[in-house]
Structures are given as structure tokens and as C-alpha cells.
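Quick look at query_31.cif (mmCIF, N, CA and C atoms and all ligand atoms):
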```
data_structure
#
loop_
_atom_site.label_atom_id
_atom_site.label_comp_id
_atom_site.auth_asym_id
_atom_site.auth_seq_id
_atom_site.Cartn_x
_atom_site.Cartn_y
_atom_site.Cartn_z
N MET A 1 0.82 -1.22 0.00
CA MET A 1 0.00 0.00 0.00
C MET A 1 0.85 1.26 0.00
N PHE A 2 1.75 1.33 0.97
CA PHE A 2 2.54 2.55 1.09
C PHE A 2 3.54 2.70 -0.06
N ASP A 3 4.04 1.55 -0.51
CA ASP A 3 4.98 1.59 -1.63
C ASP A 3 4.31 2.18 -2.87
N GLU A 4 3.09 1.82 -3.08
CA GLU A 4 2.36 2.34 -4.23
C GLU A 4 2.27 3.87 -4.20
N VAL A 5 1.95 4.38 -3.04
CA VAL A 5 1.82 5.83 -2.90
C VAL A 5 3.15 6.51 -3.22
N LYS A 6 4.22 5.94 -2.72
CA LYS A 6 5.55 6.52 -2.94
C LYS A 6 5.87 6.58 -4.44
N GLU A 7 5.53 5.51 -5.12
CA GLU A 7 5.79 5.47 -6.56
C GLU A 7 5.10 6.60 -7.30
N VAL A 8 3.89 6.86 -6.93
CA VAL A 8 3.12 7.93 -7.57
C VAL A 8 3.82 9.27 -7.39
N VAL A 9 4.32 9.49 -6.19
CA VAL A 9 4.99 10.76 -5.90
C VAL A 9 6.24 10.91 -6.75
N VAL A 10 7.02 9.84 -6.84
CA VAL A 10 8.26 9.89 -7.60
C VAL A 10 7.99 10.10 -9.09
N ALA A 11 6.87 9.55 -9.54
CA ALA A 11 6.57 9.60 -10.96
C ALA A 11 6.14 10.98 -11.45
N GLN A 12 5.94 11.91 -10.55
CA GLN A 12 5.51 13.24 -10.99
C GLN A 12 6.60 13.92 -11.80
N PRO A 13 6.22 14.57 -12.87
CA PRO A 13 7.22 15.22 -13.72
C PRO A 13 7.99 16.29 -12.96
N LYS A 14 9.31 16.26 -13.09
CA LYS A 14 10.13 17.21 -12.35
C LYS A 14 10.81 18.20 -13.28
N GLU A 15 10.60 18.01 -14.55
CA GLU A 15 11.40 18.78 -15.50
C GLU A 15 10.98 20.24 -15.62
N GLU A 16 9.71 20.48 -15.47
CA GLU A 16 9.26 21.86 -15.57
C GLU A 16 9.72 22.64 -14.35
N ALA A 17 10.30 23.78 -14.58
CA ALA A 17 10.74 24.62 -13.48
C ALA A 17 9.52 25.12 -12.72
N PRO A 18 9.62 25.15 -11.42
CA PRO A 18 8.47 25.64 -10.67
C PRO A 18 8.16 27.08 -11.04
N SER A 19 6.93 27.33 -11.33
CA SER A 19 6.55 28.66 -11.78
C SER A 19 5.71 29.35 -10.72
N THR A 20 6.06 30.59 -10.44
CA THR A 20 5.28 31.34 -9.48
C THR A 20 4.19 32.14 -10.19
N VAL A 21 4.20 32.07 -11.51
CA VAL A 21 3.29 32.90 -12.29
C VAL A 21 1.83 32.57 -11.98
N ASP A 22 1.55 31.29 -11.82
CA ASP A 22 0.17 30.90 -11.59
C ASP A 22 -0.31 31.23 -10.18
N THR A 23 0.59 31.20 -9.26
CA THR A 23 0.17 31.36 -7.87
C THR A 23 0.24 32.80 -7.39
N GLN A 24 1.00 33.62 -8.04
CA GLN A 24 1.13 35.00 -7.63
C GLN A 24 0.61 35.92 -8.71
N THR A 25 -0.07 36.94 -8.33
CA THR A 25 -0.50 37.89 -9.34
C THR A 25 0.56 38.96 -9.51
N LEU A 26 0.52 39.61 -10.65
CA LEU A 26 1.45 40.70 -10.92
C LEU A 26 1.37 41.75 -9.81
N MET A 27 0.16 42.01 -9.38
CA MET A 27 -0.03 43.02 -8.35
C MET A 27 0.67 42.66 -7.05
N GLU A 28 0.60 41.39 -6.69
CA GLU A 28 1.26 40.94 -5.46
C GLU A 28 2.76 41.11 -5.54
N VAL A 29 3.30 40.78 -6.71
CA VAL A 29 4.75 40.88 -6.90
C VAL A 29 5.19 42.34 -6.85
N VAL A 30 4.48 43.18 -7.58
CA VAL A 30 4.86 44.59 -7.66
C VAL A 30 4.69 45.28 -6.30
N SER A 31 3.68 44.87 -5.57
CA SER A 31 3.41 45.55 -4.30
C SER A 31 4.49 45.29 -3.26
N GLN A 32 5.39 44.38 -3.56
CA GLN A 32 6.55 44.21 -2.69
C GLN A 32 7.54 45.35 -2.87
N TYR A 33 7.38 46.08 -3.96
CA TYR A 33 8.33 47.14 -4.28
C TYR A 33 7.76 48.54 -4.18
N THR A 34 6.51 48.65 -4.47
CA THR A 34 5.91 49.96 -4.44
C THR A 34 4.46 49.87 -3.98
N LYS A 35 4.02 50.91 -3.34
CA LYS A 35 2.65 50.91 -2.83
C LYS A 35 1.69 51.16 -3.99
N LEU A 36 0.69 50.31 -4.11
CA LEU A 36 -0.25 50.42 -5.23
C LEU A 36 -1.60 50.89 -4.74
N ASN A 37 -2.17 51.79 -5.50
CA ASN A 37 -3.48 52.33 -5.15
C ASN A 37 -4.48 52.05 -6.26
N PRO A 38 -5.69 51.71 -5.91
CA PRO A 38 -6.72 51.46 -6.93
C PRO A 38 -6.98 52.70 -7.78
N PHE A 39 -7.15 52.49 -9.05
CA PHE A 39 -7.44 53.58 -9.98
C PHE A 39 -8.52 53.08 -10.91
N GLY A 40 -9.75 53.44 -10.62
CA GLY A 40 -10.86 52.87 -11.37
C GLY A 40 -11.01 51.40 -11.02
N THR A 41 -11.65 50.65 -11.86
CA THR A 41 -11.88 49.24 -11.55
C THR A 41 -10.86 48.32 -12.19
N ALA A 42 -10.20 48.79 -13.24
CA ALA A 42 -9.32 47.91 -13.99
C ALA A 42 -7.84 48.17 -13.74
N TYR A 43 -7.53 49.23 -12.97
CA TYR A 43 -6.14 49.60 -12.82
C TYR A 43 -5.73 49.80 -11.36
N VAL A 44 -4.46 49.62 -11.11
CA VAL A 44 -3.86 50.14 -9.89
C VAL A 44 -2.64 50.96 -10.31
N VAL A 45 -2.35 51.99 -9.55
CA VAL A 45 -1.22 52.86 -9.89
C VAL A 45 -0.29 52.97 -8.70
N GLY A 46 0.96 53.35 -9.01
CA GLY A 46 1.93 53.55 -7.95
C GLY A 46 3.16 54.25 -8.48
N VAL A 47 4.08 54.55 -7.57
CA VAL A 47 5.34 55.14 -7.99
C VAL A 47 6.14 54.04 -8.69
N CYS A 48 6.69 54.37 -9.83
CA CYS A 48 7.39 53.40 -10.67
C CYS A 48 8.61 52.82 -9.96
N PRO A 49 8.73 51.50 -9.88
CA PRO A 49 9.93 50.91 -9.27
C PRO A 49 11.13 50.87 -10.21
N PHE A 50 10.92 51.23 -11.47
CA PHE A 50 12.00 51.13 -12.45
C PHE A 50 12.84 52.39 -12.55
N HIS A 51 12.23 53.53 -12.34
CA HIS A 51 13.02 54.75 -12.46
C HIS A 51 12.83 55.61 -11.22
N ASN A 52 13.77 56.47 -10.99
CA ASN A 52 13.74 57.27 -9.78
C ASN A 52 12.90 58.51 -9.99
N SER A 53 11.70 58.46 -9.48
CA SER A 53 10.80 59.58 -9.63
C SER A 53 10.92 60.49 -8.41
N ARG A 54 11.59 61.61 -8.60
CA ARG A 54 11.84 62.50 -7.47
C ARG A 54 10.54 63.10 -6.93
N LEU A 55 9.60 63.28 -7.82
CA LEU A 55 8.32 63.88 -7.40
C LEU A 55 7.35 62.84 -6.85
N ARG A 56 7.80 61.58 -6.85
CA ARG A 56 6.96 60.49 -6.37
C ARG A 56 5.65 60.42 -7.15
N ASN A 57 5.74 60.73 -8.41
CA ASN A 57 4.55 60.65 -9.25
C ASN A 57 4.13 59.20 -9.45
N GLN A 58 2.85 59.00 -9.47
CA GLN A 58 2.34 57.63 -9.68
C GLN A 58 2.16 57.39 -11.18
N THR A 59 3.28 57.15 -11.82
CA THR A 59 3.27 56.97 -13.27
C THR A 59 3.19 55.49 -13.66
N PHE A 60 3.32 54.65 -12.69
CA PHE A 60 3.34 53.21 -12.94
C PHE A 60 1.93 52.66 -12.80
N MET A 61 1.47 51.98 -13.82
CA MET A 61 0.09 51.56 -13.88
C MET A 61 -0.01 50.08 -14.22
N ILE A 62 -0.83 49.37 -13.49
CA ILE A 62 -1.06 47.96 -13.80
C ILE A 62 -2.48 47.78 -14.31
N ASN A 63 -2.59 47.17 -15.44
CA ASN A 63 -3.89 46.81 -15.99
C ASN A 63 -4.26 45.43 -15.44
N LEU A 64 -5.23 45.40 -14.58
CA LEU A 64 -5.57 44.15 -13.89
C LEU A 64 -6.21 43.13 -14.82
N HIS A 65 -6.84 43.60 -15.88
CA HIS A 65 -7.45 42.67 -16.82
C HIS A 65 -6.41 42.03 -17.73
N LYS A 66 -5.51 42.88 -18.23
CA LYS A 66 -4.46 42.36 -19.12
C LYS A 66 -3.31 41.75 -18.35
N LYS A 67 -3.28 41.99 -17.03
CA LYS A 67 -2.17 41.52 -16.18
C LYS A 67 -0.83 42.01 -16.71
N SER A 68 -0.83 43.31 -17.05
CA SER A 68 0.41 43.89 -17.55
C SER A 68 0.63 45.24 -16.89
N TYR A 69 1.88 45.70 -16.96
CA TYR A 69 2.19 47.00 -16.36
C TYR A 69 2.79 47.93 -17.40
N HIS A 70 2.70 49.21 -17.12
CA HIS A 70 3.28 50.20 -18.01
C HIS A 70 3.57 51.46 -17.21
N CYS A 71 4.77 52.02 -17.44
CA CYS A 71 5.09 53.30 -16.81
C CYS A 71 5.06 54.37 -17.88
N ARG A 72 4.25 55.39 -17.67
CA ARG A 72 4.13 56.40 -18.72
C ARG A 72 5.27 57.41 -18.67
N GLU A 73 6.17 57.28 -17.71
CA GLU A 73 7.32 58.18 -17.69
C GLU A 73 8.56 57.51 -18.32
N CYS A 74 8.92 56.33 -17.85
CA CYS A 74 10.12 55.69 -18.41
C CYS A 74 9.78 54.67 -19.48
N GLY A 75 8.52 54.34 -19.63
CA GLY A 75 8.10 53.48 -20.73
C GLY A 75 8.26 51.99 -20.48
N LYS A 76 8.66 51.60 -19.27
CA LYS A 76 8.79 50.18 -18.98
C LYS A 76 7.41 49.53 -19.03
N HIS A 77 7.38 48.37 -19.64
CA HIS A 77 6.10 47.67 -19.69
C HIS A 77 6.35 46.18 -19.82
N GLY A 78 5.34 45.39 -19.51
CA GLY A 78 5.47 43.94 -19.63
C GLY A 78 4.45 43.23 -18.78
N ASP A 79 4.68 41.93 -18.61
CA ASP A 79 3.79 41.13 -17.79
C ASP A 79 4.55 40.65 -16.56
N ILE A 80 3.95 39.70 -15.84
CA ILE A 80 4.56 39.28 -14.58
C ILE A 80 5.94 38.66 -14.80
N SER A 81 6.12 37.92 -15.88
CA SER A 81 7.43 37.29 -16.07
C SER A 81 8.48 38.32 -16.44
N ALA A 82 8.07 39.37 -17.15
CA ALA A 82 9.01 40.46 -17.46
C ALA A 82 9.41 41.18 -16.18
N PHE A 83 8.45 41.34 -15.29
CA PHE A 83 8.74 42.02 -14.03
C PHE A 83 9.69 41.19 -13.18
N GLN A 84 9.44 39.89 -13.15
CA GLN A 84 10.29 39.01 -12.35
C GLN A 84 11.69 38.91 -12.93
N LYS A 85 11.79 39.06 -14.23
CA LYS A 85 13.10 39.07 -14.88
C LYS A 85 13.85 40.34 -14.47
N ALA A 86 13.15 41.44 -14.49
CA ALA A 86 13.74 42.71 -14.08
C ALA A 86 14.18 42.66 -12.62
N GLU A 87 13.37 41.99 -11.84
CA GLU A 87 13.66 41.80 -10.42
C GLU A 87 14.99 41.07 -10.26
N LYS A 88 15.15 40.01 -11.03
CA LYS A 88 16.37 39.21 -10.99
C LYS A 88 17.58 40.01 -11.45
N ASN A 89 17.38 40.85 -12.45
CA ASN A 89 18.48 41.63 -13.03
C ASN A 89 18.75 42.91 -12.26
N ASN A 90 18.12 43.05 -11.12
CA ASN A 90 18.28 44.25 -10.30
C ASN A 90 17.96 45.54 -11.05
N GLU A 91 16.93 45.49 -11.85
CA GLU A 91 16.53 46.70 -12.58
C GLU A 91 15.60 47.58 -11.77
N LEU A 92 15.18 47.06 -10.65
CA LEU A 92 14.26 47.83 -9.83
C LEU A 92 15.05 48.75 -8.92
N THR A 93 15.12 50.00 -9.31
CA THR A 93 16.00 50.93 -8.61
C THR A 93 15.26 51.79 -7.60
N ASN A 94 13.99 51.90 -7.78
CA ASN A 94 13.22 52.84 -6.97
C ASN A 94 12.20 52.07 -6.14
N THR A 95 12.69 51.41 -5.13
CA THR A 95 11.85 50.43 -4.47
C THR A 95 11.39 50.86 -3.08
N GLN A 96 11.31 52.16 -2.88
CA GLN A 96 10.82 52.63 -1.58
C GLN A 96 9.32 52.50 -1.51
N LYS A 97 8.89 52.05 -0.39
CA LYS A 97 7.45 52.03 -0.16
C LYS A 97 7.07 53.31 0.57
N ASN A 98 5.89 53.74 0.31
CA ASN A 98 5.41 54.92 1.02
C ASN A 98 5.06 54.57 2.47
ZN ZN B 101 9.08 54.36 -14.77
#
```
Please, can you express the file's structure as C-alpha cells?
Ligand SMILES: [Zn+2]
Amino acid sequence: MFDEVKEVVVAQPKEEAPSTVDTQTLMEVVSQYTKLNPFGTAYVVGVCPFHNSRLRNQTFMINLHKKSYHCRECGKHGDISAFQKAEKNNELTNTQKN
């Protein structure tokens, strides 16, 4: 009985890299870097984590339906995997939370 169970566990595919994309939303990931505020029903906005906004302007916008982000000041845009890539490459320079 117990041996059977063990076999099933071992047989699970291990080749695919564990992905956080399905379990975490873009908003959750970004909110670790900048404070996000609701803007209408489809968007949240915040200070851009990609560029240093001295005026603390909320130029960074996430489209919750498209699950993508865009900064209207520095032009950075992408989806959750692009953001996580930037995270890895230390491109997030402006990561102060309010
Ligand atoms: Zn920006």
C-alpha cells in the first residue's frame, strides 16, 4: 500500500521549473516594491519601481485585466514574467514604499 503511494509521488514530472506565475498575481509581486493604489476598476497605480521619480509621481500603472504593467514616464512595460526578470536583473531601482 505505502509503496504504491511513494511510486506515484516519484513519478511526478520534475522537468518543468516551478513557476510562481500561476500562484502570484502581478499586483502581489509589484506591491513588494511599491505601494499600489486602486485607480478605477481595472487599474492600480503607484510610484514606478523602475526609475527614480523625485516627485513620487504615480506613473506606474497595472492593468488588472491584461495583467500587464506600463510606466508612462520611463516606458517600462510587460507582464509578470518580465517584471520578475527585471527583479532578478536588479533593474528595480526605486523600491521605496510609502
Ligand atoms: Zn518608470
Select the residues contacting ligand ZN 101 (chain B) at a distance of at most 5 Å, based on all atoms listed in the file, then format the selection as a PyMOL selection string.
chain A and resi 48+50-51+71+73-75
Determine, counting only C-alpha atoms, which protein, DNA and RNA residues have an atom within 9 Å of an atom of Met27 in chain A; residues of the same chain fewer than 3 positions away are not included. Present the result as number ranges by chain.
A: 24, 30-32, 36, 44, 62, 64, 67, 80
Taking into account only N, CA and C atoms, which residue in the set A:Gln58, A:Thr34, A:Ser68, A:Thr25 is nearest to Asn94 in chain A?
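Distance minimum relative to Asn94 in chain A lands on A:Thr34.
For Tyr69 in chain A, the non-local neighbours within 5 Å, defined as residues at least 5 positions apart in the same chain or in other chains and counting all atoms listed in the file, are Met61, Ile62, Asn63, His77, Gly78 and Asp79 of chain A.
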A:Lys35, A:Asn90, A:Val29, A:Ala42 ranked by distance to His65 in chain A, top pick (using all atoms listed in the file)
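With all atoms listed in the file as the atom set, the closest residue is A:Ala42.
CA of Arg54 in chain A is found 21.3 Å from atom C of Asn89 in chain A.
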Closest of A:Phe83, A:Tyr33, A:Lys66, A:Lys88 to Pro49 in chain A, counting only C-alpha atoms, is A:Tyr33
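The interatomic distance for the pair atom C of Ser53 in chain A and CA of Thr41 in chain A works out to 25.6 Å.
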Can you measure atom C of Pro38 in chain A to CA of Thr59 in chain A for me? One decimal in Å is fine.
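Spanning atom C of Pro38 in chain A to CA of Thr59 in chain A is a straight-line distance of 12.4 Å.
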